[in-house]
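Q: Handing over my_file-v1.cif, mmCIF, C-alpha atoms and all ligand atoms.
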data_work
#
loop_
_atom_site.label_atom_id
_atom_site.label_comp_id
_atom_site.auth_asym_id
_atom_site.auth_seq_id
_atom_site.Cartn_x
_atom_site.Cartn_y
_atom_site.Cartn_z
CA ILE B 1 3.40 -13.39 -9.28
CA ARG B 2 4.93 -10.43 -11.10
CA THR B 3 8.55 -9.41 -10.73
CA ARG B 4 10.56 -6.74 -12.47
CA PHE B 5 14.04 -5.65 -13.37
CA ALA B 6 14.27 -1.86 -13.11
CA PRO B 7 17.71 -0.66 -14.22
CA SER B 8 18.76 2.92 -14.81
CA PRO B 9 20.30 3.15 -18.27
CA THR B 10 23.58 4.66 -17.10
CA GLY B 11 26.22 2.51 -18.80
CA ASN B 12 27.36 -1.07 -19.05
CA LEU B 13 25.43 -3.78 -17.29
CA HIS B 14 27.12 -4.75 -14.02
CA ILE B 15 27.43 -8.44 -13.39
CA GLY B 16 25.66 -7.95 -10.04
CA SER B 17 22.67 -6.44 -11.85
CA VAL B 18 22.43 -9.47 -14.10
CA ARG B 19 22.51 -11.68 -11.03
CA THR B 20 19.60 -9.70 -9.56
CA ALA B 21 17.72 -9.89 -12.86
CA LEU B 22 18.34 -13.63 -12.97
CA PHE B 23 16.79 -14.19 -9.53
CA SER B 24 13.72 -12.11 -10.44
CA TYR B 25 13.39 -13.91 -13.75
CA LEU B 26 13.74 -17.37 -12.19
CA TYR B 27 11.27 -16.59 -9.43
CA ALA B 28 8.62 -15.37 -11.89
CA ARG B 29 9.20 -18.30 -14.24
CA SER B 30 9.15 -20.90 -11.46
CA GLN B 31 5.81 -19.57 -10.24
CA GLY B 32 4.17 -19.26 -13.65
CA GLY B 33 4.27 -15.49 -13.23
CA GLN B 34 5.44 -12.60 -15.37
CA PHE B 35 8.72 -10.75 -15.51
CA LEU B 36 8.90 -7.20 -16.75
CA LEU B 37 11.56 -4.69 -17.72
CA ARG B 38 11.18 -1.09 -16.58
CA ILE B 39 13.68 1.59 -17.50
CA GLU B 40 14.26 4.02 -14.62
CA ASP B 41 15.53 6.97 -16.59
CA THR B 42 14.26 9.91 -14.53
CA ASP B 43 17.77 11.12 -13.81
CA GLN B 44 18.29 12.46 -17.30
CA LYS B 45 21.80 13.72 -16.52
CA ARG B 46 22.94 10.15 -15.86
CA THR B 47 21.14 8.55 -18.78
CA VAL B 48 23.60 7.25 -21.37
CA GLU B 49 22.63 7.05 -25.02
CA GLY B 50 22.36 3.44 -26.18
CA ALA B 51 22.51 1.95 -22.67
CA GLU B 52 18.93 0.68 -22.83
CA GLU B 53 19.44 -1.15 -26.15
CA ASN B 54 22.70 -2.52 -24.81
CA LEU B 55 21.17 -3.95 -21.67
CA VAL B 56 18.37 -5.61 -23.63
CA THR B 57 20.99 -7.19 -25.92
CA VAL B 58 23.08 -8.42 -23.01
CA LEU B 59 20.10 -9.87 -21.12
CA ASN B 60 18.96 -11.56 -24.32
CA TRP B 61 22.41 -13.03 -24.71
CA ALA B 62 22.14 -14.38 -21.16
CA GLY B 63 18.76 -15.95 -21.99
CA ILE B 64 16.86 -13.75 -19.55
CA SER B 65 13.61 -12.93 -21.34
CA PHE B 66 10.80 -10.56 -20.47
CA ASP B 67 7.03 -10.72 -20.81
CA GLU B 68 6.66 -6.94 -20.88
CA GLY B 69 9.02 -4.05 -21.47
CA PRO B 70 9.78 -1.01 -23.62
CA HIS B 71 11.14 -3.25 -26.38
CA ILE B 72 8.09 -5.55 -26.56
CA GLY B 73 5.23 -3.54 -25.06
CA GLY B 74 2.60 -4.87 -22.66
CA MET B 75 -0.56 -3.99 -20.78
CA HIS B 76 1.12 -1.80 -18.15
CA GLY B 77 3.20 0.53 -20.32
CA PRO B 78 4.82 2.80 -21.07
CA TYR B 79 7.82 1.05 -19.53
CA ARG B 80 10.19 4.03 -19.54
CA GLN B 81 9.71 6.30 -16.56
CA SER B 82 10.49 9.39 -18.63
CA GLU B 83 7.27 8.63 -20.53
CA ARG B 84 5.17 8.47 -17.35
CA LEU B 85 5.77 11.92 -15.88
CA ALA B 86 2.10 12.98 -15.86
CA LEU B 87 1.25 9.93 -13.75
CA TYR B 88 3.84 10.78 -11.08
CA GLN B 89 2.71 14.41 -10.97
CA GLU B 90 -0.89 13.32 -10.55
CA GLN B 91 0.02 10.87 -7.77
CA ALA B 92 2.13 13.46 -5.95
CA LYS B 93 -0.94 15.72 -6.02
CA THR B 94 -3.04 13.05 -4.30
CA LEU B 95 -0.49 12.99 -1.47
CA LEU B 96 -0.70 16.77 -1.16
CA ASP B 97 -4.49 16.52 -0.99
CA SER B 98 -4.41 13.82 1.68
CA GLY B 99 -1.93 15.82 3.77
CA ASN B 100 0.85 13.27 3.37
CA ALA B 101 3.08 15.59 1.37
CA TYR B 102 3.82 19.30 1.20
CA TYR B 103 5.34 21.92 -1.07
CA CYS B 104 8.84 23.02 -0.15
CA PHE B 105 10.18 26.30 -1.48
CA CYS B 106 13.60 26.22 0.17
CA SER B 107 16.37 27.44 -2.11
CA GLU B 108 19.51 25.48 -2.93
CA GLU B 109 21.45 28.03 -0.87
CA ARG B 110 19.29 27.52 2.22
CA LEU B 111 19.58 23.72 1.95
CA GLU B 112 23.32 23.96 1.45
CA SER B 113 23.84 26.20 4.48
CA LEU B 114 21.59 23.89 6.54
CA ARG B 115 23.71 20.93 5.47
CA GLN B 116 26.94 22.72 6.40
CA LYS B 117 25.60 23.68 9.82
CA GLN B 118 24.45 20.14 10.53
CA GLU B 119 27.79 18.73 9.40
CA ALA B 120 29.70 21.20 11.57
CA SER B 121 27.68 20.15 14.64
CA LYS B 122 28.07 16.46 13.69
CA LEU B 123 24.32 16.06 13.24
CA PRO B 124 22.75 13.84 10.59
CA THR B 125 22.19 15.91 7.46
CA ARG B 126 18.49 16.14 6.74
CA TYR B 127 15.74 18.55 5.90
CA ASP B 128 14.58 20.55 8.92
CA GLY B 129 10.89 20.74 8.00
CA HIS B 130 11.02 24.49 7.40
CA CYS B 131 8.14 24.43 4.86
CA ARG B 132 6.01 21.80 6.61
CA THR B 133 3.90 24.31 8.42
CA LEU B 134 3.59 27.08 5.86
CA PRO B 135 0.01 28.42 5.96
CA ALA B 136 -2.10 27.45 2.94
CA HIS B 137 -2.51 31.03 1.71
CA GLU B 138 1.24 31.55 1.72
CA VAL B 139 1.74 28.35 -0.27
CA LEU B 140 -0.83 29.57 -2.81
CA ASN B 141 0.87 32.95 -3.12
CA LEU B 142 4.27 31.39 -3.63
CA LEU B 143 2.87 29.05 -6.28
CA LYS B 144 1.07 31.92 -7.97
CA VAL B 145 4.31 33.86 -8.45
CA LYS B 146 5.94 30.67 -9.71
CA THR B 147 8.46 30.24 -6.90
CA PRO B 148 10.42 27.05 -7.69
CA SER B 149 9.20 24.25 -5.43
CA VAL B 150 9.54 20.54 -4.77
CA ILE B 151 7.04 18.19 -3.14
CA ARG B 152 8.21 16.38 -0.01
CA LEU B 153 6.82 13.42 1.89
CA LYS B 154 5.62 14.28 5.40
CA VAL B 155 7.33 11.65 7.56
CA GLN B 156 5.79 11.40 11.06
CA SER B 157 8.33 11.24 13.85
CA GLY B 158 8.39 8.70 16.66
CA GLU B 159 7.25 5.74 14.58
CA LEU B 160 8.83 2.38 13.90
CA VAL B 161 8.70 1.40 10.24
CA MET B 162 8.75 -2.36 9.91
CA PHE B 163 8.67 -4.80 7.05
CA GLU B 164 9.50 -8.41 6.43
CA ASP B 165 12.35 -8.99 4.01
CA ILE B 166 12.27 -12.42 2.36
CA VAL B 167 16.06 -12.73 2.59
CA ARG B 168 16.87 -10.85 5.79
CA GLY B 169 13.77 -11.27 7.94
CA LYS B 170 12.19 -8.58 10.07
CA MET B 171 13.54 -5.10 9.37
CA LYS B 172 12.95 -2.11 11.65
CA PHE B 173 13.75 1.54 11.06
CA ALA B 174 12.98 4.49 13.33
CA SER B 175 11.02 7.08 11.34
CA ASP B 176 13.10 9.78 13.05
CA THR B 177 16.03 8.70 10.89
CA ILE B 178 14.00 9.10 7.69
CA ASP B 179 14.22 12.43 5.92
CA ASP B 180 11.20 14.22 4.45
CA GLN B 181 12.02 12.80 1.03
CA VAL B 182 11.69 14.89 -2.08
CA LEU B 183 9.10 13.11 -4.23
CA LEU B 184 8.75 15.52 -7.12
CA LYS B 185 11.56 17.84 -8.19
CA SER B 186 11.14 21.44 -9.30
CA ASP B 187 11.40 20.43 -12.96
CA GLY B 188 8.40 18.12 -12.59
CA PHE B 189 10.49 14.94 -12.64
CA PRO B 190 9.90 12.40 -9.88
CA THR B 191 12.66 11.10 -7.65
CA TYR B 192 13.52 7.40 -7.60
CA HIS B 193 11.33 6.81 -4.54
CA LEU B 194 8.11 8.20 -5.96
CA ALA B 195 8.50 6.75 -9.45
CA ASN B 196 9.55 3.34 -8.14
CA VAL B 197 6.58 2.99 -5.77
CA VAL B 198 3.99 4.37 -8.21
CA ASP B 199 5.23 2.04 -10.94
CA ASP B 200 5.52 -1.08 -8.82
CA HIS B 201 1.94 -0.46 -7.75
CA CYS B 202 0.54 0.43 -11.19
CA MET B 203 2.44 -2.40 -12.88
CA GLU B 204 1.06 -4.81 -10.27
CA VAL B 205 4.48 -6.03 -9.17
CA THR B 206 4.02 -8.56 -6.36
CA HIS B 207 7.69 -9.16 -5.44
CA VAL B 208 10.33 -6.46 -5.44
CA ILE B 209 13.63 -8.30 -5.79
CA ARG B 210 16.65 -5.99 -5.82
CA GLY B 211 20.18 -5.51 -4.56
CA GLU B 212 20.99 -4.92 -0.91
CA GLU B 213 22.10 -1.35 -1.64
CA TRP B 214 18.40 -0.40 -1.87
CA LEU B 215 17.54 -1.69 1.59
CA SER B 216 17.74 1.76 3.20
CA SER B 217 15.24 3.07 0.63
CA THR B 218 12.64 0.49 1.52
CA PRO B 219 11.32 2.11 4.75
CA LYS B 220 10.67 5.23 2.65
CA HIS B 221 8.79 3.11 0.17
CA VAL B 222 6.80 1.43 2.94
CA LEU B 223 5.76 4.90 4.16
CA LEU B 224 4.78 5.83 0.62
CA TYR B 225 2.63 2.72 0.15
CA ARG B 226 0.96 3.59 3.41
CA ALA B 227 0.40 7.22 2.43
CA PHE B 228 -1.18 6.13 -0.85
CA GLY B 229 -3.27 3.48 0.89
CA TRP B 230 -1.81 0.78 -1.37
CA LYS B 231 -0.89 -2.78 -0.53
CA GLN B 232 2.88 -3.08 -0.46
CA PRO B 233 4.67 -5.80 -2.42
CA ALA B 234 6.91 -8.42 -0.84
CA PHE B 235 10.55 -7.34 -0.64
CA ALA B 236 13.69 -9.42 -1.16
CA HIS B 237 17.08 -7.70 -0.96
CA LEU B 238 19.84 -9.80 -2.45
CA PRO B 239 23.44 -9.66 -1.27
CA LEU B 240 25.92 -8.00 -3.61
CA ILE B 241 28.76 -9.68 -5.44
CA LEU B 242 31.92 -8.65 -3.58
CA ASN B 243 35.65 -8.78 -4.14
CA SER B 244 37.64 -11.13 -1.94
CA ASP B 245 38.34 -8.19 0.42
CA ARG B 246 34.54 -7.76 0.74
CA SER B 247 34.50 -4.44 -1.09
CA LYS B 248 31.88 -3.96 -3.79
CA LEU B 249 32.97 -5.48 -7.09
CA SER B 250 34.01 -2.58 -9.22
CA LYS B 251 35.86 -1.83 -12.41
CA ARG B 252 39.05 -1.13 -10.49
CA HIS B 253 39.23 -4.75 -9.37
CA GLY B 254 38.90 -6.14 -12.87
CA ASP B 255 35.86 -7.19 -14.82
CA SER B 256 32.51 -6.00 -13.57
CA ALA B 257 30.53 -5.48 -16.77
CA VAL B 258 28.91 -8.43 -18.48
CA GLU B 259 30.22 -7.03 -21.77
CA ASP B 260 33.78 -7.69 -20.52
CA TYR B 261 32.97 -11.39 -20.13
CA ILE B 262 31.27 -11.58 -23.51
CA LYS B 263 34.29 -9.94 -25.15
CA LYS B 264 36.59 -12.45 -23.52
CA GLY B 265 34.57 -15.26 -25.06
CA TYR B 266 32.70 -16.56 -22.02
CA GLN B 267 29.59 -18.58 -22.78
CA LYS B 268 26.36 -17.59 -21.12
CA GLU B 269 26.23 -20.92 -19.25
CA GLU B 270 29.60 -20.15 -17.65
CA LEU B 271 28.54 -16.69 -16.61
CA LEU B 272 25.20 -17.80 -15.20
N1 LIG M 301 16.70 2.01 -10.75
C1 LIG M 301 17.19 1.25 -9.64
C2 LIG M 301 18.50 0.59 -10.09
O1 LIG M 301 19.14 1.16 -10.92
C3 LIG M 301 16.13 0.25 -9.24
C4 LIG M 301 16.24 -0.29 -7.87
C5 LIG M 301 15.02 -1.15 -7.60
O2 LIG M 301 14.99 -2.26 -8.13
O3 LIG M 301 14.13 -0.67 -6.92
O4 LIG M 301 18.91 -0.46 -9.65
#
Mind converting the file's structure to structure tokens?
A:
Amino acid sequence: IRTRFAPSPTGNLHIGSVRTALFSYLYARSQGGQFLLRIEDTDQKRTVEGAEENLVTVLNWAGISFDEGPHIGGMHGPYRQSERLALYQEQAKTLLDSGNAYYCFCSEERLESLRQKQEASKLPTRYDGHCRTLPAHEVLNLLKVKTPSVIRLKVQSGELVMFEDIVRGKMKFASDTIDDQVLLKSDGFPTYHLANVVDDHCMEVTHVIRGEEWLSSTPKHVLLYRAFGWKQPAFAHLPLILNSDRSKLSKRHGDSAVEDYIKKGYQKEELL
């Protein structure tokens, strides 16, 4: 059994994130497995200086310890996604080769006008597959003259994507509602979906335990595991901590960061 906590270092540690980390930690420990920390820092614009050190300190304070991570090393490193870019690029290439992904050269302007048109006709906003059928020689020419491009997942229509969630049971999503996800951006950085799936596979994670807000990403991940020909991990999506009016616990409603509780003098036993 291998579980992981995979935060993005974007600020203070939300109390709901610590709860998720705690479940992953307890599950690994109770099964004699390993628990690892992976820093999902591929969105460099959102990365906050010092956030990684801070979250390690806070988790340490809470007594949640790791077997592997950027701060202690391990056999499956590096544990920061920004240090694994070559791996994602290589894996995206394998999907191009197997016909499960394609280059998309659509400009920001085209995508924006597509989005506006879809919104105006009350259609779901999604990519229209414009570059899916570009002939190979045209793709080569566009690449040769260095036209900016992204790599997208080729999602087949008319399928039912199913998986068993440990908490919620059988989940079903129509593939028609799943966009041709961008996997690799034009700057060579992966999106969350690609990096998350490649890493969970390469780091041999057996149980993906995460917050409910990621549930709608999971069918995309299932399709990716399939496209790669990899065994998918077990999924458990945990409910979020809510305010009494059932809205998501946020700063506006008072304390949401663990740091706030530490500052107020709470003991870790009380918080846990
Ligand atoms: N980086 C995501 C987060 O910030 C990870 C979600 C997941 O566990 O897959 O929560």
Q: With 9 Å as the cut-off and only C-alpha atoms and all ligand atoms counted, what is the closest atom pair between each nearby residue of chain B and ligand LIG 301 (chain M)? Distances in Å to one decimal, ordered by chain and number, as JSON lines.
A:
{"residue": "B:Arg4", "atom": "CA", "partner": "M:LIG301", "partner_atom": "O2", "distance": 7.7}
{"residue": "B:Phe5", "atom": "CA", "partner": "M:LIG301", "partner_atom": "O2", "distance": 6.3}
{"residue": "B:Ala6", "atom": "CA", "partner": "M:LIG301", "partner_atom": "C3", "distance": 4.8}
{"residue": "B:Pro7", "atom": "CA", "partner": "M:LIG301", "partner_atom": "O1", "distance": 4.0}
{"residue": "B:Ser8", "atom": "CA", "partner": "M:LIG301", "partner_atom": "O1", "distance": 4.3}
{"residue": "B:Pro9", "atom": "CA", "partner": "M:LIG301", "partner_atom": "O1", "distance": 7.7}
{"residue": "B:Thr10", "atom": "CA", "partner": "M:LIG301", "partner_atom": "O1", "distance": 8.4}
{"residue": "B:Ser17", "atom": "CA", "partner": "M:LIG301", "partner_atom": "O4", "distance": 7.4}
{"residue": "B:Thr20", "atom": "CA", "partner": "M:LIG301", "partner_atom": "O2", "distance": 8.9}
{"residue": "B:Arg38", "atom": "CA", "partner": "M:LIG301", "partner_atom": "N1", "distance": 8.6}
{"residue": "B:Ile39", "atom": "CA", "partner": "M:LIG301", "partner_atom": "N1", "distance": 7.4}
{"residue": "B:Glu40", "atom": "CA", "partner": "M:LIG301", "partner_atom": "N1", "distance": 5.0}
{"residue": "B:Asp41", "atom": "CA", "partner": "M:LIG301", "partner_atom": "N1", "distance": 7.8}
{"residue": "B:Tyr192", "atom": "CA", "partner": "M:LIG301", "partner_atom": "N1", "distance": 7.0}
{"residue": "B:His193", "atom": "CA", "partner": "M:LIG301", "partner_atom": "O3", "distance": 8.3}
{"residue": "B:Asn196", "atom": "CA", "partner": "M:LIG301", "partner_atom": "O3", "distance": 6.2}
{"residue": "B:Val197", "atom": "CA", "partner": "M:LIG301", "partner_atom": "O3", "distance": 8.5}
{"residue": "B:Asp200", "atom": "CA", "partner": "M:LIG301", "partner_atom": "O3", "distance": 8.8}
{"residue": "B:Val208", "atom": "CA", "partner": "M:LIG301", "partner_atom": "O2", "distance": 6.8}
{"residue": "B:Ile209", "atom": "CA", "partner": "M:LIG301", "partner_atom": "O2", "distance": 6.6}
{"residue": "B:Arg210", "atom": "CA", "partner": "M:LIG301", "partner_atom": "O2", "distance": 4.7}
{"residue": "B:Gly211", "atom": "CA", "partner": "M:LIG301", "partner_atom": "O2", "distance": 7.1}
{"residue": "B:Glu213", "atom": "CA", "partner": "M:LIG301", "partner_atom": "C4", "distance": 8.6}
{"residue": "B:Trp214", "atom": "CA", "partner": "M:LIG301", "partner_atom": "C4", "distance": 6.4}
{"residue": "B:Ser217", "atom": "CA", "partner": "M:LIG301", "partner_atom": "O3", "distance": 8.5}
{"residue": "B:Thr218", "atom": "CA", "partner": "M:LIG301", "partner_atom": "O3", "distance": 8.6}
Q: Could you write out that same residue set with C-alpha atoms as an mmCIF file, in the frame of the given file?
A:
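Below is the file selection-v7.cif, written as the result:
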data_model
loop_
_atom_site.group_PDB
_atom_site.id
_atom_site.type_symbol
_atom_site.label_atom_id
_atom_site.label_comp_id
_atom_site.auth_asym_id
_atom_site.auth_seq_id
_atom_site.Cartn_x
_atom_site.Cartn_y
_atom_site.Cartn_z
ATOM 1 C CA ARG B 4 10.560 -6.740 -12.470
ATOM 2 C CA PHE B 5 14.040 -5.650 -13.370
ATOM 3 C CA ALA B 6 14.270 -1.860 -13.110
ATOM 4 C CA PRO B 7 17.710 -0.660 -14.220
ATOM 5 C CA SER B 8 18.760 2.920 -14.810
ATOM 6 C CA PRO B 9 20.300 3.150 -18.270
ATOM 7 C CA THR B 10 23.580 4.660 -17.100
ATOM 8 C CA SER B 17 22.670 -6.440 -11.850
ATOM 9 C CA THR B 20 19.600 -9.700 -9.560
ATOM 10 C CA ARG B 38 11.180 -1.090 -16.580
ATOM 11 C CA ILE B 39 13.680 1.590 -17.500
ATOM 12 C CA GLU B 40 14.260 4.020 -14.620
ATOM 13 C CA ASP B 41 15.530 6.970 -16.590
ATOM 14 C CA TYR B 192 13.520 7.400 -7.600
ATOM 15 C CA HIS B 193 11.330 6.810 -4.540
ATOM 16 C CA ASN B 196 9.550 3.340 -8.140
ATOM 17 C CA VAL B 197 6.580 2.990 -5.770
ATOM 18 C CA ASP B 200 5.520 -1.080 -8.820
ATOM 19 C CA VAL B 208 10.330 -6.460 -5.440
ATOM 20 C CA ILE B 209 13.630 -8.300 -5.790
ATOM 21 C CA ARG B 210 16.650 -5.990 -5.820
ATOM 22 C CA GLY B 211 20.180 -5.510 -4.560
ATOM 23 C CA GLU B 213 22.100 -1.350 -1.640
ATOM 24 C CA TRP B 214 18.400 -0.400 -1.870
ATOM 25 C CA SER B 217 15.240 3.070 0.630
ATOM 26 C CA THR B 218 12.640 0.490 1.520
#
Q: Measure the distance from atom CA of B:Asn12 to atom CA of B:Leu242 in Å and round it to one decimal.
A: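 It comes out at 17.8 Å.
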Q: Which of these residues is nearest to B:Gly188, using all atoms listed in the file: B:Val161, B:Ala92, B:Cys202, B:Leu111?
A: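 Residue with the minimum atom-to-atom distance to B:Gly188: B:Ala92.
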Q: Can you list, as an NGL selection string, every protein, DNA or RNA residue that comes within 12 Å of B:Glu270 when you count only C-alpha atoms, leaving out same-chain residues fewer than 5 positions away?
A: :B and (62 or 258 or 261-262 or 264-265)
Q: So which residues fall inside 10 Å of (28.4, -8.8, -2.9) if we count all atoms listed in the file? Mind giving them as a compact mmCIF listing (two decimals) with C-alpha atoms, keeping the file's coordinate frame?
A:
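So the final result, stored in result-v5.txt, reads:
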# COMPACT_ATOMS: atom_id res chain seq x y z
CA GLY B 16 25.66 -7.95 -10.04
CA GLY B 211 20.18 -5.51 -4.56
CA GLU B 212 20.99 -4.92 -0.91
CA GLU B 213 22.10 -1.35 -1.64
CA LEU B 238 19.84 -9.80 -2.45
CA PRO B 239 23.44 -9.66 -1.27
CA LEU B 240 25.92 -8.00 -3.61
CA ILE B 241 28.76 -9.68 -5.44
CA LEU B 242 31.92 -8.65 -3.58
CA ASN B 243 35.65 -8.78 -4.14
CA SER B 244 37.64 -11.13 -1.94
CA ARG B 246 34.54 -7.76 0.74
CA SER B 247 34.50 -4.44 -1.09
CA LYS B 248 31.88 -3.96 -3.79
CA LEU B 249 32.97 -5.48 -7.09
Q: Given only C-alpha atoms as the basis, pick out the residue of B:Lys220, B:Arg226, B:His237, B:Arg46 nearest to B:Val167.
A: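 Checking each of B:Lys220, B:Arg226, B:His237, B:Arg46 against B:Val167, counting only C-alpha atoms, the winner is B:His237.
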Q: Pick from B:Gln267, B:Ser113, B:Ser186, B:Ser256: nearest to B:Gly11, with all atoms listed in the file counted?
A: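 Among the listed residues, B:Ser256 lies closest to B:Gly11.
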Q: Nearest residue to B:Cys106 out of B:Asn54, B:Ser121, B:Ser149, B:Gln232, using only C-alpha atoms?
A: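 Among B:Asn54, B:Ser121, B:Ser149, B:Gln232, it is B:Ser149 that comes nearest to B:Cys106.
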Q: Can you work out which one of B:Pro219, B:Leu224, B:Asp255, B:Leu184 has the shortest atom-to-atom distance to B:Gln89, counting all atoms listed in the file?
A: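 Closest to B:Gln89 of all the choices is B:Leu184.
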Q: Please identify all polymer residues within 12 Å of B:Leu140, counting all atoms listed in the file, omitting same-chain residues fewer than 3 positions from it, and present them as a list in words.
A: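 Here the qualifying residues turn out to be Tyr102, Tyr103, Cys104, Phe105, Leu134, Pro135, Ala136, His137, Leu143, Lys144, Val145, Lys146, Thr147 and Ser149 of chain B.
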Q: Rounded to one decimal in Å, what is the spacing between atom CA of B:Thr47 and atom CA of B:Ala21?
A: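 So the answer is 19.7 Å.
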Q: How far is it from atom CA of B:Thr42 to atom CA of B:Gly129, in Å with one decimal?
A: 25.2 Å
Q: Using all atoms listed in the file, which residue out of B:Asn100, B:Gly74, B:Val48, B:Ser107 lies closest to B:Pro148?
A: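 For B:Pro148, the nearest of the candidates is B:Ser107.
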Q: Is it possible to add all heavy atoms to stretch 38-45 of chain B and hand it back as a compact mmCIF listing (two decimals), in the frame of the given file?
A:
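Result file out22.txt:
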# COMPACT_ATOMS: atom_id res chain seq x y z
N ARG B 38 11.55 -2.51 -16.69
CA ARG B 38 11.18 -1.09 -16.58
C ARG B 38 12.46 -0.26 -16.58
O ARG B 38 13.39 -0.55 -15.82
CB ARG B 38 10.40 -0.86 -15.29
CG ARG B 38 10.00 0.59 -15.12
CD ARG B 38 9.09 0.78 -13.95
NE ARG B 38 9.76 0.71 -12.67
CZ ARG B 38 9.37 -0.04 -11.64
NH1 ARG B 38 8.32 -0.83 -11.73
NH2 ARG B 38 10.04 -0.03 -10.51
N ILE B 39 12.49 0.74 -17.40
CA ILE B 39 13.68 1.59 -17.50
C ILE B 39 13.51 2.80 -16.59
O ILE B 39 12.60 3.61 -16.79
CB ILE B 39 13.92 2.01 -18.97
CG1 ILE B 39 14.11 0.78 -19.87
CG2 ILE B 39 15.12 2.95 -19.07
CD1 ILE B 39 15.33 -0.07 -19.55
N GLU B 40 14.37 2.91 -15.58
CA GLU B 40 14.26 4.02 -14.62
C GLU B 40 15.21 5.14 -15.06
O GLU B 40 16.35 5.24 -14.60
CB GLU B 40 14.55 3.50 -13.21
CG GLU B 40 13.55 2.40 -12.83
CD GLU B 40 13.23 2.30 -11.34
OE1 GLU B 40 14.14 2.55 -10.52
OE2 GLU B 40 12.08 1.97 -11.02
N ASP B 41 14.69 5.95 -15.95
CA ASP B 41 15.53 6.97 -16.59
C ASP B 41 15.10 8.38 -16.20
O ASP B 41 15.10 9.29 -17.01
CB ASP B 41 15.46 6.81 -18.12
CG ASP B 41 14.03 6.92 -18.64
OD1 ASP B 41 13.09 6.90 -17.83
OD2 ASP B 41 13.85 7.04 -19.87
N THR B 42 14.71 8.57 -14.92
CA THR B 42 14.26 9.91 -14.53
C THR B 42 15.43 10.83 -14.20
O THR B 42 15.25 12.03 -14.10
CB THR B 42 13.31 9.86 -13.33
OG1 THR B 42 13.97 9.22 -12.26
CG2 THR B 42 12.03 9.12 -13.68
N ASP B 43 16.61 10.27 -14.00
CA ASP B 43 17.77 11.12 -13.81
C ASP B 43 18.41 11.31 -15.19
O ASP B 43 19.32 10.57 -15.57
CB ASP B 43 18.75 10.48 -12.82
CG ASP B 43 19.84 11.45 -12.40
OD1 ASP B 43 19.98 12.51 -13.06
OD2 ASP B 43 20.56 11.15 -11.43
N GLN B 44 17.90 12.30 -15.89
CA GLN B 44 18.29 12.46 -17.30
C GLN B 44 19.77 12.79 -17.47
O GLN B 44 20.36 12.49 -18.49
CB GLN B 44 17.42 13.56 -17.94
CG GLN B 44 15.93 13.21 -17.91
CD GLN B 44 15.48 12.45 -19.16
OE1 GLN B 44 15.50 12.99 -20.25
NE2 GLN B 44 15.10 11.20 -18.98
N LYS B 45 20.37 13.38 -16.42
CA LYS B 45 21.80 13.72 -16.52
C LYS B 45 22.65 12.44 -16.57
O LYS B 45 23.72 12.43 -17.15
CB LYS B 45 22.23 14.57 -15.31
CG LYS B 45 21.78 16.03 -15.44
CD LYS B 45 22.44 16.92 -14.40
CE LYS B 45 22.03 16.68 -13.01
NZ LYS B 45 20.81 17.01 -12.40
